[in-house]
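Structure file data-v9.txt (compact mmCIF, C-alpha atoms (C1' of nucleotides)) follows.
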# COMPACT_ATOMS: atom_id res chain seq x y z
CA MET A 1 -8.94 1.97 4.98
CA GLU A 2 -5.59 0.38 4.61
CA ILE A 3 -2.35 0.02 6.47
CA LYS A 4 0.89 1.31 4.99
CA SER A 5 4.48 1.07 6.09
CA ARG A 6 7.96 2.18 5.38
CA ILE A 7 11.00 0.35 6.66
CA TRP A 8 14.62 1.41 6.55
CA ILE A 9 17.94 0.28 7.91
CA GLU A 10 20.10 2.60 9.96
CA LYS A 11 23.79 2.52 10.71
CA ASP A 12 25.16 4.59 13.59
CA GLY A 13 21.74 6.22 13.77
CA LYS A 14 21.98 7.43 10.20
CA PRO A 15 19.67 6.21 7.43
CA PHE A 16 21.46 3.64 5.32
CA ILE A 17 18.93 2.16 2.96
CA GLY A 18 15.24 2.72 2.52
CA PHE A 19 12.52 2.59 -0.06
CA GLY A 20 13.76 5.39 -2.30
CA LYS A 21 17.39 4.40 -2.32
CA ILE A 22 16.60 0.79 -3.12
CA GLN A 23 14.40 1.91 -5.98
CA LEU A 24 17.27 3.99 -7.26
CA LEU A 25 19.70 1.11 -6.99
CA LYS A 26 17.35 -1.05 -9.04
CA MET A 27 17.19 1.55 -11.78
CA VAL A 28 20.94 1.91 -11.89
CA ASP A 29 21.18 -1.85 -12.15
CA GLU A 30 18.85 -1.80 -15.15
CA GLU A 31 20.21 1.27 -16.88
CA HIS A 32 23.91 0.95 -16.08
CA SER A 33 23.81 4.69 -15.65
CA ILE A 34 23.12 7.09 -12.83
CA SER A 35 21.81 9.83 -15.08
CA ALA A 36 19.46 7.47 -16.92
CA ALA A 37 18.21 6.07 -13.62
CA ALA A 38 17.60 9.56 -12.31
CA LYS A 39 15.66 10.46 -15.42
CA ARG A 40 13.39 7.45 -15.12
CA LEU A 41 12.71 8.24 -11.49
CA ASN A 42 12.03 11.87 -12.33
CA MET A 43 14.73 13.17 -10.08
CA SER A 44 17.71 15.35 -10.83
CA TYR A 45 21.06 13.74 -11.48
CA LYS A 46 22.42 15.57 -8.48
CA LYS A 47 19.81 14.18 -6.13
CA ALA A 48 20.44 10.65 -7.35
CA TRP A 49 24.16 11.09 -7.02
CA ASN A 50 23.78 12.43 -3.49
CA LEU A 51 21.61 9.51 -2.43
CA LEU A 52 24.05 6.97 -3.84
CA ASN A 53 26.98 8.80 -2.33
CA ASP A 54 25.37 8.80 1.10
CA MET A 55 24.91 5.04 0.89
CA GLU A 56 28.42 4.46 -0.32
CA LEU A 57 29.89 6.50 2.51
CA LEU A 58 28.03 4.43 5.09
CA ALA A 59 28.61 1.03 3.52
CA GLU A 60 31.72 -0.91 4.39
CA GLN A 61 31.86 -2.44 0.95
CA PRO A 62 31.45 -0.60 -2.35
CA LEU A 63 28.01 -0.77 -3.91
CA LEU A 64 28.79 0.65 -7.31
CA VAL A 65 31.42 0.27 -10.00
CA LYS A 66 31.74 3.54 -11.88
CA TYR A 67 33.53 4.28 -15.10
CA ILE A 68 34.09 7.87 -16.15
CA GLY A 69 34.62 8.57 -19.83
CA GLY A 70 34.63 5.92 -22.51
CA LYS A 71 32.55 5.21 -25.52
CA SER A 72 29.23 6.32 -24.07
CA GLY A 73 30.65 8.85 -21.64
CA GLY A 74 30.69 6.47 -18.71
CA SER A 75 28.68 3.85 -16.89
CA THR A 76 27.77 2.57 -13.45
CA THR A 77 26.97 -0.98 -12.42
CA LEU A 78 26.23 -2.69 -9.12
CA THR A 79 28.61 -4.85 -7.15
CA ALA A 80 27.43 -8.19 -5.84
CA TYR A 81 27.03 -6.49 -2.48
CA GLY A 82 24.83 -3.83 -4.03
CA LYS A 83 22.59 -6.47 -5.55
CA ALA A 84 22.43 -8.36 -2.29
CA LEU A 85 21.18 -5.24 -0.56
CA ILE A 86 18.27 -4.99 -2.96
CA LYS A 87 17.30 -8.61 -2.41
CA THR A 88 17.51 -8.37 1.34
CA PHE A 89 15.50 -5.21 1.52
CA ASP A 90 12.79 -6.37 -0.85
CA ALA A 91 12.36 -9.63 1.01
CA LEU A 92 12.10 -7.86 4.32
CA ASN A 93 9.70 -5.29 2.97
CA ASN A 94 7.41 -7.90 1.49
CA LYS A 95 7.36 -9.87 4.71
CA CYS A 96 6.50 -6.74 6.63
CA GLU A 97 3.66 -5.80 4.34
CA THR A 98 2.03 -9.19 4.31
CA PHE A 99 2.40 -9.34 8.07
CA LEU A 100 0.68 -6.00 8.55
CA ASN A 101 -2.11 -6.76 6.11
CA LYS A 102 -2.81 -9.99 7.90
CA GLU A 103 -2.66 -8.27 11.27
CA PHE A 104 -4.78 -5.24 10.48
CA LYS A 105 -8.49 -5.75 9.98
CA PRO A 106 -10.32 -2.47 10.68
CA GLU A 107 -13.53 -4.17 11.79
CA THR A 108 -11.87 -6.21 14.49
CA HIS A 109 -10.45 -3.02 15.96
CA GLY A 110 -13.67 -1.06 15.83
CA ILE A 111 -12.31 1.46 13.35
CA TYR A 112 -14.72 2.44 10.64
CA MET B 1 22.88 -1.59 12.23
CA GLU B 2 19.23 -1.68 13.02
CA ILE B 3 15.90 -1.84 11.33
CA LYS B 4 13.36 0.93 11.74
CA SER B 5 9.79 1.34 10.59
CA ARG B 6 6.90 3.69 10.37
CA ILE B 7 3.34 2.53 9.91
CA TRP B 8 0.26 4.57 9.18
CA ILE B 9 -3.35 4.04 8.27
CA GLU B 10 -4.82 5.65 5.18
CA LYS B 11 -8.40 6.39 4.25
CA ASP B 12 -9.29 7.14 0.64
CA GLY B 13 -5.57 7.33 -0.03
CA LYS B 14 -5.13 10.12 2.49
CA PRO B 15 -3.09 9.71 5.69
CA PHE B 16 -5.43 9.17 8.61
CA ILE B 17 -3.29 8.30 11.61
CA GLY B 18 0.41 7.82 12.03
CA PHE B 19 3.14 8.12 14.60
CA GLY B 20 3.01 11.88 15.10
CA LYS B 21 -0.74 12.20 15.28
CA ILE B 22 -1.03 9.35 17.76
CA GLN B 23 1.61 10.96 19.92
CA LEU B 24 -0.38 14.17 19.81
CA LEU B 25 -3.60 12.39 20.74
CA LYS B 26 -1.86 10.88 23.75
CA MET B 27 -0.70 14.27 24.94
CA VAL B 28 -4.15 15.78 24.55
CA ASP B 29 -5.50 12.87 26.55
CA GLU B 30 -3.04 13.60 29.34
CA GLU B 31 -3.27 17.38 29.31
CA HIS B 32 -6.94 17.84 28.45
CA SER B 33 -5.75 20.72 26.32
CA ILE B 34 -4.58 21.15 22.76
CA SER B 35 -2.34 24.07 23.58
CA ALA B 36 -0.66 22.27 26.48
CA ALA B 37 -0.16 19.18 24.33
CA ALA B 38 1.39 21.27 21.57
CA LYS B 39 3.71 22.90 24.05
CA ARG B 40 4.93 19.57 25.37
CA LEU B 41 5.56 18.33 21.87
CA ASN B 42 7.35 21.52 20.98
CA MET B 43 5.04 22.40 18.16
CA SER B 44 2.89 25.44 17.53
CA TYR B 45 -0.73 25.40 18.60
CA LYS B 46 -1.71 25.90 15.00
CA LYS B 47 0.19 22.89 13.80
CA ALA B 48 -1.35 20.70 16.48
CA TRP B 49 -4.79 22.01 15.68
CA ASN B 50 -4.30 21.34 11.98
CA LEU B 51 -3.19 17.76 12.60
CA LEU B 52 -6.15 17.08 14.83
CA ASN B 53 -8.51 18.75 12.40
CA ASP B 54 -7.25 16.62 9.52
CA MET B 55 -7.93 13.49 11.54
CA GLU B 56 -11.35 14.64 12.59
CA LEU B 57 -12.37 15.43 9.02
CA LEU B 58 -11.43 11.93 7.90
CA ALA B 59 -12.89 10.07 10.86
CA GLU B 60 -16.50 9.00 10.78
CA GLN B 61 -16.84 9.45 14.50
CA PRO B 62 -15.65 12.41 16.53
CA LEU B 63 -12.29 11.97 18.27
CA LEU B 64 -12.37 14.99 20.51
CA VAL B 65 -14.73 16.79 22.84
CA LYS B 66 -13.87 20.45 22.94
CA TYR B 67 -15.05 23.21 25.23
CA ILE B 68 -14.40 26.87 24.51
CA GLY B 69 -14.42 29.32 27.38
CA GLY B 70 -14.99 28.40 30.99
CA LYS B 71 -12.95 28.60 34.14
CA SER B 72 -9.63 27.70 32.53
CA GLY B 73 -10.43 29.10 29.11
CA GLY B 74 -11.46 25.78 27.65
CA SER B 75 -10.48 22.14 27.39
CA THR B 76 -10.28 19.19 25.06
CA THR B 77 -10.69 15.52 25.91
CA LEU B 78 -10.80 12.33 23.89
CA THR B 79 -13.86 10.33 23.01
CA ALA B 80 -13.88 6.58 23.52
CA TYR B 81 -13.22 6.28 19.81
CA GLY B 82 -10.18 8.50 20.07
CA LYS B 83 -8.77 6.38 22.87
CA ALA B 84 -9.46 3.22 20.91
CA LEU B 85 -7.43 4.58 18.01
CA ILE B 86 -4.42 5.02 20.24
CA LYS B 87 -4.67 1.50 21.56
CA THR B 88 -5.10 -0.04 18.15
CA PHE B 89 -2.22 1.85 16.65
CA ASP B 90 0.16 1.17 19.51
CA ALA B 91 -0.62 -2.52 19.48
CA LEU B 92 -0.07 -2.76 15.76
CA ASN B 93 3.12 -0.75 15.92
CA ASN B 94 4.57 -2.91 18.65
CA LYS B 95 3.75 -6.07 16.78
CA CYS B 96 5.38 -4.71 13.68
CA GLU B 97 8.55 -3.72 15.47
CA THR B 98 9.04 -7.01 17.25
CA PHE B 99 8.34 -8.81 14.00
CA LEU B 100 10.97 -6.84 12.13
CA ASN B 101 13.57 -7.16 14.84
CA LYS B 102 13.07 -10.89 14.88
CA GLU B 103 13.20 -11.05 11.11
CA PHE B 104 16.22 -8.86 10.54
CA LYS B 105 19.60 -10.22 11.51
CA PRO B 106 22.31 -8.42 9.50
CA GLU B 107 24.73 -11.36 9.60
CA THR B 108 22.30 -13.79 8.04
CA HIS B 109 21.83 -11.42 5.13
CA GLY B 110 25.50 -10.73 4.60
CA ILE B 111 25.18 -7.08 5.44
CA TYR B 112 27.99 -5.74 7.59
C1' DT C 1 -18.15 43.98 33.05
C1' DA C 2 -13.28 43.37 32.58
C1' DG C 3 -9.85 39.83 32.48
C1' DC C 4 -8.08 35.39 31.54
C1' DG C 5 -6.84 31.17 29.01
C1' DT C 6 -8.43 28.27 25.71
C1' DT C 7 -10.19 27.04 21.10
C1' DA C 8 -10.50 28.73 16.30
C1' DT C 9 -8.75 30.55 11.93
C1' DG C 10 -6.59 33.66 8.65
C1' DT C 11 -2.42 35.95 7.05
C1' DC C 12 2.17 36.91 6.55
C1' DT C 13 6.97 35.95 7.03
C1' DT C 14 10.78 33.02 7.37
C1' DA C 15 13.46 28.91 6.69
C1' DT C 16 14.41 24.81 4.58
C1' DC C 17 14.82 21.71 0.87
C1' DG C 18 15.06 20.50 -3.79
C1' DA C 19 15.85 22.09 -8.57
C1' DA C 20 18.23 24.35 -11.80
C1' DT C 21 22.52 26.17 -13.31
C1' DA C 22 27.42 26.10 -13.96
C1' DT C 23 31.84 24.00 -14.41
C1' DA C 24 35.21 20.51 -14.68
C1' DG C 25 37.35 15.90 -15.60
C1' DC C 26 37.48 11.77 -17.96
C1' DG C 27 38.46 8.43 -21.87
C1' DA C 28 36.92 6.26 -26.17
C1' DA C 29 35.94 7.27 -30.86
C1' DT C 30 36.49 9.83 -34.97
C1' DA D 1 42.91 17.34 -31.29
C1' DT D 2 38.01 17.64 -30.94
C1' DT D 3 33.65 16.00 -29.76
C1' DC D 4 30.48 13.51 -26.89
C1' DG D 5 28.00 11.74 -22.85
C1' DC D 6 28.66 10.46 -18.48
C1' DT D 7 30.40 11.12 -13.62
C1' DA D 8 31.56 14.70 -10.11
C1' DT D 9 30.69 18.82 -7.26
C1' DA D 10 29.76 23.76 -5.87
C1' DT D 11 26.66 27.49 -5.98
C1' DT D 12 22.62 30.01 -6.87
C1' DC D 13 17.70 30.33 -7.07
C1' DG D 14 12.85 29.39 -6.27
C1' DA D 15 8.91 26.92 -4.48
C1' DT D 16 6.87 24.99 -0.82
C1' DA D 17 6.31 24.02 3.94
C1' DA D 18 6.86 25.48 8.67
C1' DG D 19 6.37 28.85 11.88
C1' DA D 20 5.28 33.38 13.87
C1' DC D 21 1.88 36.74 14.39
C1' DA D 22 -2.74 38.61 14.70
C1' DT D 23 -7.47 38.52 15.84
C1' DA D 24 -11.82 36.82 17.44
C1' DA D 25 -15.27 34.03 20.09
C1' DC D 26 -16.32 31.97 24.21
C1' DG D 27 -17.76 31.46 29.11
C1' DC D 28 -16.35 31.25 33.85
C1' DT D 29 -14.46 34.16 37.62
C1' DA D 30 -13.87 37.99 40.39

Can you turn what I pasted into structure tokens?
Amino acid sequence: MEIKSRIWIEKDGKPFIGFGKIQLLKMVDEEHSISAAAKRLNMSYKKAWNLLNDMELLAEQPLLVKYIGGKSGGSTTLTAYGKALIKTFDALNNKCETFLNKEFKPETHGIY
Amino acid sequence: MEIKSRIWIEKDGKPFIGFGKIQLLKMVDEEHSISAAAKRLNMSYKKAWNLLNDMELLAEQPLLVKYIGGKSGGSTTLTAYGKALIKTFDALNNKCETFLNKEFKPETHGIY
DNA sequence: TAGCGTTATGTCTTATCGAATATAGCGAAT
DNA sequence: ATTCGCTATATTCGATAAGACATAACGCTA
């Protein structure tokens, strides 16, 4: 018996960042490529692109620097703002999880 | 810009209780009827029944006391254990939300 | 004993979402 | 100029989930 959680940040009532999108951002940061990131996360390129696009549309600063064409066909890297988002979210998520684990002890609640 | 969260409790890796199921339990508690609760939550009787059944199968103590037939066709009420679940979950959820709201101040993270 | 409203459960259809497919543009390298 | 791999974007297709529908058991009431 364990407690789980998902947190996300909304903007104008619309989902801005959450677990999946942050994971995707991390992969893009590592791979310097949307398609490679999508592959590693076992999702279609289109889905990854849509998720990133949704974020970008909601953000007031760009998250990604994209190059089309070039020696390897293209590339995508994160802006400082994009990297900051990852850090912020991870920190918050960790805090939340440790808080909940400390708070939730099945026995003390009479749940078996 | 605001932070949102969903918490749930798992048992053997399977979802036991979460936001929706707790909401349903509350309605059943008020209505003394699965069908009436489903109606108020705008879901089909079958869906409500399935959700409740899933919980019951995972719980080690019964959550519901059901009567079939009778003057109004039947009824369903909560056991003490069922009511305890609601209380526990609500308390935990509230704590989590206030914690996150206190923790998350967009400005301090540089998120605009 | 016929009717009613509820719980109980299976089946069948519909709707939604994601995946696959298709097509185009780009720019460096050869 | 041609090729290549990536970004970009619309459209079609299929699988899965949600919902509608159907049917039965039950026991009180009239």

message: I'd like the neighbourhood of stretch 6-11 of chain D as a VMD selection string, where a residue qualifies if any of its atoms comes within 9 Å (using all atoms listed in the file), though same-chain residues fewer than 4 positions away should be ignored.
response: (chain A and resid 33 to 35 46 49 66 to 70 72 to 76) or (chain C and resid 21 to 26)

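Atom C1' of D:DT23 is positioned 16.0 Å from atom C1' of C:DC4.
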
Work out where the centre of an axis-aligned box around every listed atom of stretch 77-91 of chain B lies and how long its edges are once 3 Å is added on each side; give both in Å to one decimal as JSON.
{"center_x": -6.9, "center_y": 6.5, "center_z": 21.3, "size_x": 20.0, "size_y": 24.0, "size_z": 15.3}

query: Could you write out as a ChimeraX atom specification the residues of chain D within 7 Å of chain B, counting all atoms listed in the file?
result: /D:26-29

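Atom CA of A:Asn93 lies 14.5 Å from atom CA of B:Pro106.
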
Rows by chain and residue number, chain B within 7 Å of chain A, shortest pair, all atoms listed in the file, as JSON lines:
{"residue": "B:Met1", "atom": "CA", "partner": "A:Lys11", "partner_atom": "CA", "distance": 4.5}
{"residue": "B:Glu2", "atom": "CA", "partner": "A:Glu10", "partner_atom": "CA", "distance": 5.3}
{"residue": "B:Ile3", "atom": "CA", "partner": "A:Ile9", "partner_atom": "CA", "distance": 4.5}
{"residue": "B:Lys4", "atom": "CA", "partner": "A:Trp8", "partner_atom": "CA", "distance": 5.4}
{"residue": "B:Ser5", "atom": "CA", "partner": "A:Ile7", "partner_atom": "CA", "distance": 4.2}
{"residue": "B:Arg6", "atom": "CA", "partner": "A:Arg6", "partner_atom": "CA", "distance": 5.3}
{"residue": "B:Ile7", "atom": "CA", "partner": "A:Ser5", "partner_atom": "CA", "distance": 4.2}
{"residue": "B:Trp8", "atom": "CA", "partner": "A:Lys4", "partner_atom": "CA", "distance": 5.3}
{"residue": "B:Ile9", "atom": "CA", "partner": "A:Ile3", "partner_atom": "CA", "distance": 4.5}
{"residue": "B:Glu10", "atom": "CA", "partner": "A:Glu2", "partner_atom": "CA", "distance": 5.4}
{"residue": "B:Lys11", "atom": "CA", "partner": "A:Met1", "partner_atom": "CA", "distance": 4.5}
{"residue": "B:Asp12", "atom": "CA", "partner": "A:Met1", "partner_atom": "CA", "distance": 6.8}
{"residue": "B:Glu60", "atom": "CA", "partner": "A:Tyr112", "partner_atom": "CA", "distance": 6.8}
{"residue": "B:Thr88", "atom": "CA", "partner": "A:His109", "partner_atom": "CA", "distance": 6.5}
{"residue": "B:His109", "atom": "CA", "partner": "A:Thr88", "partner_atom": "CA", "distance": 6.5}
{"residue": "B:Tyr112", "atom": "CA", "partner": "A:Glu60", "partner_atom": "CA", "distance": 6.9}

- request: Could the residues of chain C within 10 Å of chain A, counting only C-alpha atoms (C1' of nucleotides), be given as a ChimeraX atom specification, please?
  value: /C:18-20,25-29

Could you complete stretch 45-67 of chain A so that it carries N, CA, C and O atoms, and give it back as a compact mmCIF listing (two decimals), in the frame of the given file?
# COMPACT_ATOMS: atom_id res chain seq x y z
N TYR A 45 19.85 14.54 -11.57
CA TYR A 45 21.06 13.74 -11.48
C TYR A 45 21.74 13.97 -10.13
O TYR A 45 22.21 13.04 -9.49
N LYS A 46 21.75 15.23 -9.74
CA LYS A 46 22.42 15.57 -8.48
C LYS A 46 21.80 14.86 -7.30
O LYS A 46 22.49 14.35 -6.43
N LYS A 47 20.47 14.84 -7.25
CA LYS A 47 19.81 14.18 -6.13
C LYS A 47 20.16 12.70 -6.11
O LYS A 47 20.50 12.15 -5.06
N ALA A 48 20.11 12.06 -7.27
CA ALA A 48 20.44 10.65 -7.35
C ALA A 48 21.88 10.42 -6.89
O ALA A 48 22.16 9.53 -6.10
N TRP A 49 22.77 11.25 -7.38
CA TRP A 49 24.16 11.09 -7.02
C TRP A 49 24.36 11.24 -5.51
O TRP A 49 25.09 10.49 -4.87
N ASN A 50 23.69 12.22 -4.93
CA ASN A 50 23.78 12.43 -3.49
C ASN A 50 23.29 11.21 -2.71
O ASN A 50 23.93 10.77 -1.75
N LEU A 51 22.16 10.67 -3.11
CA LEU A 51 21.61 9.51 -2.43
C LEU A 51 22.59 8.34 -2.49
O LEU A 51 22.87 7.68 -1.48
N LEU A 52 23.11 8.09 -3.66
CA LEU A 52 24.05 6.97 -3.84
C LEU A 52 25.32 7.22 -3.04
O LEU A 52 25.86 6.31 -2.41
N ASN A 53 25.76 8.46 -3.08
CA ASN A 53 26.98 8.80 -2.33
C ASN A 53 26.80 8.59 -0.83
O ASN A 53 27.68 8.07 -0.14
N ASP A 54 25.65 8.99 -0.33
CA ASP A 54 25.37 8.80 1.10
C ASP A 54 25.45 7.32 1.46
O ASP A 54 26.01 6.96 2.51
N MET A 55 24.87 6.49 0.62
CA MET A 55 24.91 5.04 0.89
C MET A 55 26.35 4.55 0.89
O MET A 55 26.78 3.83 1.79
N GLU A 56 27.05 4.94 -0.14
CA GLU A 56 28.42 4.46 -0.32
C GLU A 56 29.30 4.84 0.89
O GLU A 56 30.13 4.06 1.34
N LEU A 57 29.09 6.04 1.38
CA LEU A 57 29.89 6.50 2.51
C LEU A 57 29.63 5.67 3.76
O LEU A 57 30.51 5.48 4.58
N LEU A 58 28.40 5.19 3.89
CA LEU A 58 28.03 4.43 5.09
C LEU A 58 28.37 2.94 4.95
O LEU A 58 28.64 2.27 5.96
N ALA A 59 28.36 2.46 3.74
CA ALA A 59 28.61 1.03 3.52
C ALA A 59 30.09 0.70 3.74
O ALA A 59 30.95 1.54 3.52
N GLU A 60 30.33 -0.51 4.18
CA GLU A 60 31.72 -0.91 4.39
C GLU A 60 32.30 -1.58 3.16
O GLU A 60 33.50 -1.80 3.06
N GLN A 61 31.41 -1.92 2.24
CA GLN A 61 31.86 -2.44 0.95
C GLN A 61 31.28 -1.55 -0.14
O GLN A 61 30.21 -1.00 0.03
N PRO A 62 32.00 -1.41 -1.26
CA PRO A 62 31.45 -0.60 -2.35
C PRO A 62 30.17 -1.21 -2.94
O PRO A 62 30.03 -2.43 -2.98
N LEU A 63 29.28 -0.35 -3.33
CA LEU A 63 28.01 -0.77 -3.91
C LEU A 63 28.03 -0.65 -5.42
O LEU A 63 27.33 -1.36 -6.12
N LEU A 64 28.84 0.29 -5.90
CA LEU A 64 28.79 0.65 -7.31
C LEU A 64 30.18 0.56 -7.94
O LEU A 64 31.19 0.80 -7.29
N VAL A 65 30.20 0.23 -9.20
CA VAL A 65 31.42 0.27 -10.00
C VAL A 65 31.21 1.32 -11.07
O VAL A 65 30.34 1.17 -11.93
N LYS A 66 31.97 2.41 -10.98
CA LYS A 66 31.74 3.54 -11.88
C LYS A 66 32.88 3.71 -12.86
O LYS A 66 34.05 3.61 -12.50
N TYR A 67 32.54 3.95 -14.08
CA TYR A 67 33.53 4.28 -15.10
C TYR A 67 33.24 5.68 -15.64
O TYR A 67 32.12 5.96 -16.03
